[in-house]
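Some notes on the structure that comes next.
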Number of protein chains: 2
Amino acid sequence: MSSRASQRLTEAASRLFQAKGLSSVGINEVVREAGVAKMSLYNNFPSKSDLAKAAYAQLSKERQQAIEALVKKVADPETAILEMFDLAGRLAARPGFRGCAFIDLAAHSAQDIGLRDLVRDHKRAIHRHFEESARRHGAVRPRQLATQLLALWDGALTDAAIEGSLEPIHAAREAAHVLLAASK
Amino acid sequence: MSSRASQRLTEAASRLFQAKGLSSVGINEVVREAGVAKMSLYNNFPSKSDLAKAAYAQLSKERQQAIEALVKKVADPETAILEMFDLAGRLAARPGFRGCAFIDLAAHSAQDIGLRDLVRDHKRAIHRHFEESARRHGAVRPRQLATQLLALWDGALTDAAIEGSLEPIHAAREAAHVLLAASK
DNA sequence: AGCAAAGTAGACAGACCAGTCTACCTAGAG
DNA sequence: CTCTAGGTAGACTGGTCTGTCTACTTTGCT
């Protein structure tokens, strides 16, 4: 399955949606960027919303793989969690960074249930990784700790975008360190 | 100044933009909700963007006044900070809550510098309140603590909206407590 | 070679939206 | 009473967007 055109479309869509936000990118721009005819879009996806679903699902998978690679590489769970904030820092340092793509998507998909579910599932997946590391760290309440770390992570990415600075992410990393120390 | 129509417009705009997001609300809907003619909008504001600026500036002022009232009411700075998270909980418990209106605005105003500045200024104002309380609390690094608390606050509001639950806000309040204890 | 599946270019329809224009109305100050 | 500033209704313009249609071409498999 997944024809050549379909793949080029999801890649171009992922790039453009991240750079400008779902509702600021038109179909014509996507097909131009993908180097593909408009009809190839509608032969592969029923609607723009379905293309977005595919693009963001792909992005979510990539992000989760990056996190899994990181968690597997690092033995110490505390280090793994702190490195997740370093990863956030790397995302935020990219030129044109506009905040977490999934939070942005949530804002632009108020009425599209499929897309909102995708955002929720993505955040739950990250929560799961935090919780697993928190549990291995020996936290008394790993679930709550994961919820706190996720809020820090999301807030830090958002504030970094608003201020155009990496300071929120560095501060959040430090806060994660304090929360981990207090969690046993 | 500020004619009757202008006031009704900013109020209606504030309500609708909070409920649906800036770009999901059309001019026609705003004037209908305000009970005012479309030309009254353009006699009072040069463009939709300027109406939005007025509406969000008003909202920012109200939020800051609520925070100031709270900080003035409570003597203990730690309690004041924790009560700011209770305030976040009250916001998130409102029916139709869609996350912090200013984070939503940031997502919908990528190309409008005036609106982006407004978001940044609003977040800086909240940061200032956190920092003042952190300083009164005796924190060693009040600026960094304020940055951490703001990230927690923003992330908690965002995650509460995504999950449709108050749990992120309760967890963030607990995290704030831990950070405050560790900050001296 | 031949055929089916996939892709192409671009015109087009239909919806929606910001912002303009016109002609009329109303309320309050002098 | 009259004048004026502010308000009104709604048609209209120009632009943009998603999604469709058509007739044609390429590609890859057998």
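To be explicit about the labels: the chains of the structure tokens are called A, B, and onward in the order shown, and within each one the residues are counted from 1, while ligands get numbers from 1 in the order they are shown.
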Inset, instruction - Could you list, as an NGL selection string, the residues of chain D having an atom within 12 Å of chain B when counting only C-alpha atoms (C1' of nucleotides)? - result: :D and (5-10)
Inset, instruction - Please report, as a ChimeraX atom specification, each residue of region 6-44 of chain B to which DSSP assigns alpha helix (DSSP H) when run on this structure's backbone. - result: /B:6-20,27-34,38-44
If you keep N, CA, C and O atoms, can you produce a file of those selected residues as a CSV table (one decimal), in the first residue's frame?
chain,number,residue,atom,x,y,z
B,6,SER,N,-18.8,49.7,21.0
B,6,SER,CA,-17.5,49.3,21.1
B,6,SER,C,-17.3,48.3,22.3
B,6,SER,O,-16.7,47.3,22.3
B,7,GLN,N,-18.0,48.7,23.4
B,7,GLN,CA,-18.0,47.9,24.6
B,7,GLN,C,-18.7,46.5,24.4
B,7,GLN,O,-18.1,45.5,24.8
B,8,ARG,N,-19.8,46.6,23.8
B,8,ARG,CA,-20.6,45.3,23.6
B,8,ARG,C,-19.8,44.4,22.7
B,8,ARG,O,-19.8,43.2,22.8
B,9,LEU,N,-19.0,45.0,21.7
B,9,LEU,CA,-18.2,44.2,20.8
B,9,LEU,C,-17.1,43.5,21.5
B,9,LEU,O,-16.9,42.3,21.3
B,10,THR,N,-16.4,44.3,22.3
B,10,THR,CA,-15.2,43.6,23.0
B,10,THR,C,-15.7,42.5,23.9
B,10,THR,O,-15.1,41.5,24.0
B,11,GLU,N,-16.9,42.8,24.6
B,11,GLU,CA,-17.4,41.7,25.5
B,11,GLU,C,-17.8,40.5,24.7
B,11,GLU,O,-17.4,39.4,25.1
B,12,ALA,N,-18.5,40.7,23.6
B,12,ALA,CA,-19.0,39.5,22.8
B,12,ALA,C,-17.8,38.8,22.2
B,12,ALA,O,-17.7,37.6,22.3
B,13,ALA,N,-16.8,39.6,21.7
B,13,ALA,CA,-15.6,39.0,21.1
B,13,ALA,C,-14.8,38.2,22.2
B,13,ALA,O,-14.4,37.0,21.9
B,14,SER,N,-14.7,38.7,23.3
B,14,SER,CA,-14.0,38.0,24.4
B,14,SER,C,-14.6,36.7,24.7
B,14,SER,O,-13.9,35.7,24.8
B,15,ARG,N,-15.9,36.7,24.9
B,15,ARG,CA,-16.7,35.5,25.1
B,15,ARG,C,-16.5,34.5,24.0
B,15,ARG,O,-16.1,33.3,24.3
B,16,LEU,N,-16.7,34.9,22.8
B,16,LEU,CA,-16.7,34.0,21.6
B,16,LEU,C,-15.3,33.4,21.4
B,16,LEU,O,-15.1,32.3,21.1
B,17,PHE,N,-14.3,34.3,21.4
B,17,PHE,CA,-12.9,33.9,21.2
B,17,PHE,C,-12.4,32.9,22.2
B,17,PHE,O,-11.8,31.9,21.9
B,18,GLN,N,-12.8,33.1,23.5
B,18,GLN,CA,-12.5,32.2,24.5
B,18,GLN,C,-13.1,30.8,24.3
B,18,GLN,O,-12.6,29.8,24.5
B,19,ALA,N,-14.4,30.9,23.8
B,19,ALA,CA,-15.2,29.6,23.7
B,19,ALA,C,-14.8,28.8,22.5
B,19,ALA,O,-14.8,27.6,22.5
B,20,LYS,N,-14.4,29.5,21.4
B,20,LYS,CA,-14.1,28.8,20.1
B,20,LYS,C,-12.7,29.0,19.5
B,20,LYS,O,-12.4,28.4,18.6
B,27,ILE,N,-16.6,37.6,11.9
B,27,ILE,CA,-17.1,38.9,12.2
B,27,ILE,C,-18.6,38.9,12.3
B,27,ILE,O,-19.1,39.5,13.2
B,28,ASN,N,-19.3,38.2,11.5
B,28,ASN,CA,-20.7,38.2,11.5
B,28,ASN,C,-21.2,37.6,12.8
B,28,ASN,O,-22.2,38.1,13.3
B,29,GLU,N,-20.6,36.6,13.3
B,29,GLU,CA,-21.0,36.0,14.5
B,29,GLU,C,-20.8,36.9,15.7
B,29,GLU,O,-21.6,37.0,16.6
B,30,VAL,N,-19.7,37.7,15.7
B,30,VAL,CA,-19.4,38.6,16.7
B,30,VAL,C,-20.5,39.7,16.8
B,30,VAL,O,-21.0,40.0,17.8
B,31,VAL,N,-20.8,40.3,15.6
B,31,VAL,CA,-21.7,41.4,15.6
B,31,VAL,C,-23.1,40.9,16.0
B,31,VAL,O,-23.9,41.6,16.7
B,32,ARG,N,-23.5,39.7,15.6
B,32,ARG,CA,-24.8,39.1,15.9
B,32,ARG,C,-24.8,38.9,17.4
B,32,ARG,O,-25.8,39.4,18.1
B,33,GLU,N,-23.8,38.3,18.0
B,33,GLU,CA,-23.7,38.1,19.5
B,33,GLU,C,-23.7,39.4,20.2
B,33,GLU,O,-24.3,39.5,21.3
B,34,ALA,N,-23.1,40.4,19.7
B,34,ALA,CA,-23.0,41.7,20.3
B,34,ALA,C,-24.3,42.5,20.2
B,34,ALA,O,-24.6,43.5,20.9
B,38,LYS,N,-22.7,45.5,11.6
B,38,LYS,CA,-21.3,45.2,11.3
B,38,LYS,C,-20.6,46.5,11.1
B,38,LYS,O,-19.4,46.6,11.5
B,39,MET,N,-21.2,47.6,10.6
B,39,MET,CA,-20.5,48.8,10.4
B,39,MET,C,-20.1,49.5,11.7
B,39,MET,O,-19.1,50.3,11.7
B,40,SER,N,-20.8,49.1,12.8
B,40,SER,CA,-20.4,49.7,14.1
B,40,SER,C,-19.1,49.1,14.5
B,40,SER,O,-18.3,49.7,15.2
B,41,LEU,N,-18.8,47.9,14.1
B,41,LEU,CA,-17.5,47.3,14.3
B,41,LEU,C,-16.4,48.1,13.6
B,41,LEU,O,-15.5,48.5,14.2
B,42,TYR,N,-16.6,48.3,12.3
B,42,TYR,CA,-15.6,49.0,11.5
B,42,TYR,C,-15.5,50.5,11.8
B,42,TYR,O,-14.6,51.1,11.3
B,43,ASN,N,-16.6,51.0,12.4
B,43,ASN,CA,-16.4,52.4,12.9
B,43,ASN,C,-15.6,52.5,14.2
B,43,ASN,O,-15.1,53.6,14.5
B,44,ASN,N,-15.5,51.4,14.9
B,44,ASN,CA,-14.8,51.5,16.2
B,44,ASN,C,-13.4,50.8,16.1
B,44,ASN,O,-12.6,51.1,16.9
Taking only C-alpha atoms into account, produce a table as JSON lines in which each residue of chain B with an atom at most 7 Å from an atom of chain A appears once, together with its shortest atom pair and the distance in Å to one decimal, ordered by chain and rising number.
{"residue": "B:Asp104", "atom": "CA", "partner": "A:Ala107", "partner_atom": "CA", "distance": 5.7}
{"residue": "B:Ala107", "atom": "CA", "partner": "A:Asp104", "partner_atom": "CA", "distance": 5.7}
{"residue": "B:Arg120", "atom": "CA", "partner": "A:Ile162", "partner_atom": "CA", "distance": 5.9}
{"residue": "B:Gln144", "atom": "CA", "partner": "A:Ala171", "partner_atom": "CA", "distance": 6.1}
{"residue": "B:Thr147", "atom": "CA", "partner": "A:Pro168", "partner_atom": "CA", "distance": 6.0}
{"residue": "B:Gln148", "atom": "CA", "partner": "A:Ala172", "partner_atom": "CA", "distance": 5.6}
{"residue": "B:Ala151", "atom": "CA", "partner": "A:Gly155", "partner_atom": "CA", "distance": 4.1}
{"residue": "B:Leu152", "atom": "CA", "partner": "A:Leu152", "partner_atom": "CA", "distance": 4.9}
{"residue": "B:Asp154", "atom": "CA", "partner": "A:Gly155", "partner_atom": "CA", "distance": 4.8}
{"residue": "B:Gly155", "atom": "CA", "partner": "A:Gly155", "partner_atom": "CA", "distance": 3.8}
{"residue": "B:Ala156", "atom": "CA", "partner": "A:Ala151", "partner_atom": "CA", "distance": 5.0}
{"residue": "B:Asp159", "atom": "CA", "partner": "A:Ala151", "partner_atom": "CA", "distance": 6.7}
{"residue": "B:Ile162", "atom": "CA", "partner": "A:Arg120", "partner_atom": "CA", "distance": 5.9}
{"residue": "B:Glu163", "atom": "CA", "partner": "A:Arg120", "partner_atom": "CA", "distance": 6.4}
{"residue": "B:Pro168", "atom": "CA", "partner": "A:Thr147", "partner_atom": "CA", "distance": 6.0}
{"residue": "B:Ala171", "atom": "CA", "partner": "A:Gln148", "partner_atom": "CA", "distance": 5.7}
{"residue": "B:Ala172", "atom": "CA", "partner": "A:Gln148", "partner_atom": "CA", "distance": 5.5}
{"residue": "B:Ala175", "atom": "CA", "partner": "A:Gln148", "partner_atom": "CA", "distance": 6.5}
{"residue": "B:Val178", "atom": "CA", "partner": "A:Leu179", "partner_atom": "CA", "distance": 6.9}
{"residue": "B:Leu179", "atom": "CA", "partner": "A:Val178", "partner_atom": "CA", "distance": 6.9}
Those selected residues, please, written with N, CA, C and O atoms and delivered as a short mmCIF file (atom, residue, chain, number, x, y, z; two decimals), in the first residue's frame.
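Saved file result.cif follows:
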data_model
loop_
_atom_site.label_atom_id
_atom_site.label_comp_id
_atom_site.auth_asym_id
_atom_site.auth_seq_id
_atom_site.Cartn_x
_atom_site.Cartn_y
_atom_site.Cartn_z
N ASP B 104 -3.90 29.51 23.34
CA ASP B 104 -4.71 29.30 22.14
C ASP B 104 -4.51 30.45 21.16
O ASP B 104 -4.33 30.22 19.96
N ALA B 107 -1.33 30.21 19.23
CA ALA B 107 -1.39 29.24 18.13
C ALA B 107 -2.10 29.82 16.91
O ALA B 107 -1.79 29.46 15.79
N ARG B 120 2.77 37.36 24.86
CA ARG B 120 4.03 37.41 25.58
C ARG B 120 3.92 38.31 26.81
O ARG B 120 4.35 37.94 27.91
N GLN B 144 14.10 31.93 38.56
CA GLN B 144 13.99 30.57 37.99
C GLN B 144 12.77 29.86 38.54
O GLN B 144 12.05 29.17 37.80
N THR B 147 9.80 30.94 36.65
CA THR B 147 9.75 30.32 35.32
C THR B 147 9.23 28.89 35.41
O THR B 147 8.44 28.44 34.57
N GLN B 148 9.65 28.18 36.45
CA GLN B 148 9.20 26.80 36.65
C GLN B 148 7.71 26.75 36.97
O GLN B 148 6.97 25.91 36.43
N ALA B 151 5.68 27.43 33.84
CA ALA B 151 5.62 26.26 32.96
C ALA B 151 4.62 25.24 33.51
O ALA B 151 3.81 24.68 32.75
N LEU B 152 4.67 25.01 34.81
CA LEU B 152 3.71 24.09 35.42
C LEU B 152 2.28 24.56 35.18
O LEU B 152 1.40 23.77 34.81
N ASP B 154 1.07 26.67 32.86
CA ASP B 154 0.66 26.59 31.46
C ASP B 154 0.45 25.14 31.01
O ASP B 154 -0.52 24.82 30.32
N GLY B 155 1.37 24.28 31.42
CA GLY B 155 1.24 22.87 31.04
C GLY B 155 0.03 22.23 31.67
O GLY B 155 -0.68 21.44 31.03
N ALA B 156 -0.24 22.57 32.92
CA ALA B 156 -1.38 21.98 33.60
C ALA B 156 -2.69 22.41 32.95
O ALA B 156 -3.59 21.58 32.74
N ASP B 159 -2.88 20.51 29.57
CA ASP B 159 -3.16 19.08 29.70
C ASP B 159 -4.56 18.84 30.25
O ASP B 159 -5.22 17.85 29.89
N ILE B 162 -6.75 19.03 27.28
CA ILE B 162 -6.61 17.88 26.38
C ILE B 162 -7.28 16.65 26.97
O ILE B 162 -7.96 15.90 26.27
N GLU B 163 -7.10 16.44 28.26
CA GLU B 163 -7.64 15.24 28.90
C GLU B 163 -9.08 15.43 29.40
O GLU B 163 -9.76 14.45 29.71
N PRO B 168 -4.38 17.10 36.06
CA PRO B 168 -3.11 17.79 35.82
C PRO B 168 -2.94 19.02 36.71
O PRO B 168 -1.82 19.32 37.15
N ALA B 171 -2.16 17.89 40.31
CA ALA B 171 -0.78 17.41 40.36
C ALA B 171 0.21 18.57 40.29
O ALA B 171 1.22 18.58 41.00
N ALA B 172 -0.08 19.55 39.45
CA ALA B 172 0.81 20.70 39.32
C ALA B 172 0.85 21.50 40.62
O ALA B 172 1.92 21.99 41.03
N ALA B 175 3.16 19.75 42.80
CA ALA B 175 4.54 19.97 42.36
C ALA B 175 5.02 21.35 42.79
O ALA B 175 6.17 21.52 43.22
N VAL B 178 6.16 21.21 46.30
CA VAL B 178 7.49 20.59 46.42
C VAL B 178 8.58 21.58 46.00
O VAL B 178 9.60 21.73 46.69
N LEU B 179 8.37 22.27 44.89
CA LEU B 179 9.39 23.22 44.41
C LEU B 179 9.60 24.34 45.41
O LEU B 179 10.74 24.80 45.63
#
Legend entry - chain B contacts on chain C, only C-alpha atoms (C1' of nucleotides), 9 Å, as a list in words: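 In the required form, that comes to DC17, DA18 and DG19 of chain C.
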Legend entry - DA4 (chain C) environment, 10 Å, only C-alpha atoms (C1' of nucleotides), sequence neighbours closer than 2 positions dropped, as number ranges by chain: C: 2, 6; D: 28-29
Could you save the residues just selected, with N, CA and C atoms (P, O5', C5', C4', C3', O3' and C1' of nucleotides), as a short mmCIF file (atom, residue, chain, number, x, y, z; two decimals), in the first residue's frame?
data_model
loop_
_atom_site.label_atom_id
_atom_site.label_comp_id
_atom_site.auth_asym_id
_atom_site.auth_seq_id
_atom_site.Cartn_x
_atom_site.Cartn_y
_atom_site.Cartn_z
P DG C 2 0.54 -4.52 -28.77
"O5'" DG C 2 -0.04 -4.74 -27.31
"C5'" DG C 2 -0.32 -6.05 -26.81
"C4'" DG C 2 -0.96 -5.89 -25.44
"C3'" DG C 2 -1.99 -4.76 -25.38
"O3'" DG C 2 -3.02 -5.17 -24.49
"C1'" DG C 2 -0.32 -4.35 -23.80
P DA C 6 -3.74 1.53 -7.84
"O5'" DA C 6 -2.84 2.80 -8.16
"C5'" DA C 6 -1.45 2.63 -8.43
"C4'" DA C 6 -0.92 3.90 -9.03
"C3'" DA C 6 -1.34 5.14 -8.24
"O3'" DA C 6 -0.15 5.80 -7.81
"C1'" DA C 6 -1.67 5.44 -10.57
P DG D 28 7.81 2.53 -12.37
"O5'" DG D 28 7.16 1.15 -11.91
"C5'" DG D 28 5.81 1.13 -11.43
"C4'" DG D 28 5.18 -0.21 -11.74
"C3'" DG D 28 6.16 -1.38 -11.84
"O3'" DG D 28 5.48 -2.54 -11.41
"C1'" DG D 28 5.03 -1.21 -13.84
P DC D 29 6.30 -3.73 -10.71
"O5'" DC D 29 5.34 -4.98 -10.93
"C5'" DC D 29 3.91 -4.76 -10.91
"C4'" DC D 29 3.23 -5.61 -11.98
"C3'" DC D 29 3.83 -7.01 -12.17
"O3'" DC D 29 2.78 -7.96 -12.16
"C1'" DC D 29 3.64 -5.93 -14.25
#
Legend entry - Point-to-point distance in Å for C1' of DT25 (chain D) and C1' of DT8 (chain C): 7.2 Å
Legend entry - Selection: 9 Å around Ala134 (chain B), only C-alpha atoms (C1' of nucleotides), excl. self and same-chain fewer than 3 positions, as JSON, numbers by chain: {"B": [77, 78, 81, 129, 130, 131, 137, 138, 139, 140, 141, 142, 143, 145, 146, 180, 183]}
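Residue neighbourhood of Leu70 (chain A), excluding near-sequence residues (fewer than 6 positions): Gln64, Thr79, Ala80, Ile81, Glu83, Met84 and Leu87 of chain A, at 10 Å, using only C-alpha atoms (C1' of nucleotides).
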Quick one: write out the picked residues with N, CA, C and O atoms as a PDB file, in the first residue's frame?
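Contents of selection21.pdb, as written:
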ATOM      1  N   GLN A  64       7.817   9.200  19.524  1.00  0.00           N
ATOM      2  CA  GLN A  64       7.848   8.115  20.501  1.00  0.00           C
ATOM      3  C   GLN A  64       9.061   7.220  20.302  1.00  0.00           C
ATOM      4  O   GLN A  64       9.649   6.733  21.274  1.00  0.00           O
ATOM      5  N   THR A  79      18.291   9.948  34.790  1.00  0.00           N
ATOM      6  CA  THR A  79      18.987  10.501  33.629  1.00  0.00           C
ATOM      7  C   THR A  79      18.104  10.470  32.392  1.00  0.00           C
ATOM      8  O   THR A  79      18.082  11.419  31.600  1.00  0.00           O
ATOM      9  N   ALA A  80      17.343   9.387  32.229  1.00  0.00           N
ATOM     10  CA  ALA A  80      16.458   9.274  31.072  1.00  0.00           C
ATOM     11  C   ALA A  80      15.445  10.418  31.060  1.00  0.00           C
ATOM     12  O   ALA A  80      15.193  11.046  30.021  1.00  0.00           O
ATOM     13  N   ILE A  81      14.869  10.700  32.226  1.00  0.00           N
ATOM     14  CA  ILE A  81      13.877  11.779  32.303  1.00  0.00           C
ATOM     15  C   ILE A  81      14.515  13.123  32.006  1.00  0.00           C
ATOM     16  O   ILE A  81      13.989  13.928  31.237  1.00  0.00           O
ATOM     17  N   GLU A  83      17.098  13.637  30.247  1.00  0.00           N
ATOM     18  CA  GLU A  83      17.442  13.703  28.815  1.00  0.00           C
ATOM     19  C   GLU A  83      16.219  13.966  27.952  1.00  0.00           C
ATOM     20  O   GLU A  83      16.332  14.467  26.835  1.00  0.00           O
ATOM     21  N   MET A  84      15.047  13.603  28.463  1.00  0.00           N
ATOM     22  CA  MET A  84      13.837  13.962  27.712  1.00  0.00           C
ATOM     23  C   MET A  84      13.671  15.475  27.662  1.00  0.00           C
ATOM     24  O   MET A  84      13.165  16.021  26.674  1.00  0.00           O
ATOM     25  N   LEU A  87      15.974  16.677  25.075  1.00  0.00           N
ATOM     26  CA  LEU A  87      15.346  16.471  23.762  1.00  0.00           C
ATOM     27  C   LEU A  87      14.378  17.620  23.464  1.00  0.00           C
ATOM     28  O   LEU A  87      14.345  18.142  22.343  1.00  0.00           O
TER      29      LEU A  87
END
Legend entry - Point-to-point distance in Å for CA of Arg136 (chain A) and CA of Asp76 (chain A): 8.5 Å
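Across the structure, CA of His122 (chain A) and CA of Tyr56 (chain A) are spaced 9.4 Å apart.
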Inset, instruction - Extract, using only C-alpha atoms (C1' of nucleotides), all DNA, RNA and protein residues at most 10 Å from DA13 (chain C), discarding same-chain residues fewer than 4 positions from it, and format them as a ChimeraX atom specification. - result: /D:19-21
Residues from the last selection, N, CA and C atoms (P, O5', C5', C4', C3', O3' and C1' of nucleotides), saved as a PDB file, in the first residue's frame:
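What landed in out06.pdb:
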ATOM      1  P    DG D  19     -11.774  18.909   2.269  1.00  0.00           P
ATOM      2  O5'  DG D  19     -12.349  18.571   0.806  1.00  0.00           O
ATOM      3  C5'  DG D  19     -13.711  18.884   0.557  1.00  0.00           C
ATOM      4  C4'  DG D  19     -13.971  18.851  -0.928  1.00  0.00           C
ATOM      5  C3'  DG D  19     -13.573  17.559  -1.666  1.00  0.00           C
ATOM      6  O3'  DG D  19     -14.736  17.065  -2.300  1.00  0.00           O
ATOM      7  C1'  DG D  19     -12.950  19.456  -2.886  1.00  0.00           C
ATOM      8  P    DT D  20     -14.689  15.713  -3.148  1.00  0.00           P
ATOM      9  O5'  DT D  20     -14.976  16.238  -4.629  1.00  0.00           O
ATOM     10  C5'  DT D  20     -16.064  17.140  -4.846  1.00  0.00           C
ATOM     11  C4'  DT D  20     -16.193  17.414  -6.332  1.00  0.00           C
ATOM     12  C3'  DT D  20     -16.048  16.171  -7.219  1.00  0.00           C
ATOM     13  O3'  DT D  20     -17.094  16.210  -8.181  1.00  0.00           O
ATOM     14  C1'  DT D  20     -14.532  17.839  -7.925  1.00  0.00           C
ATOM     15  P    DC D  21     -17.436  14.861  -8.983  1.00  0.00           P
ATOM     16  O5'  DC D  21     -17.077  15.346 -10.461  1.00  0.00           O
ATOM     17  C5'  DC D  21     -17.120  16.725 -10.758  1.00  0.00           C
ATOM     18  C4'  DC D  21     -16.455  16.995 -12.110  1.00  0.00           C
ATOM     19  C3'  DC D  21     -16.256  15.746 -12.992  1.00  0.00           C
ATOM     20  O3'  DC D  21     -16.828  15.971 -14.258  1.00  0.00           O
ATOM     21  C1'  DC D  21     -14.218  16.957 -12.736  1.00  0.00           C
TER      22       DC D  21
END
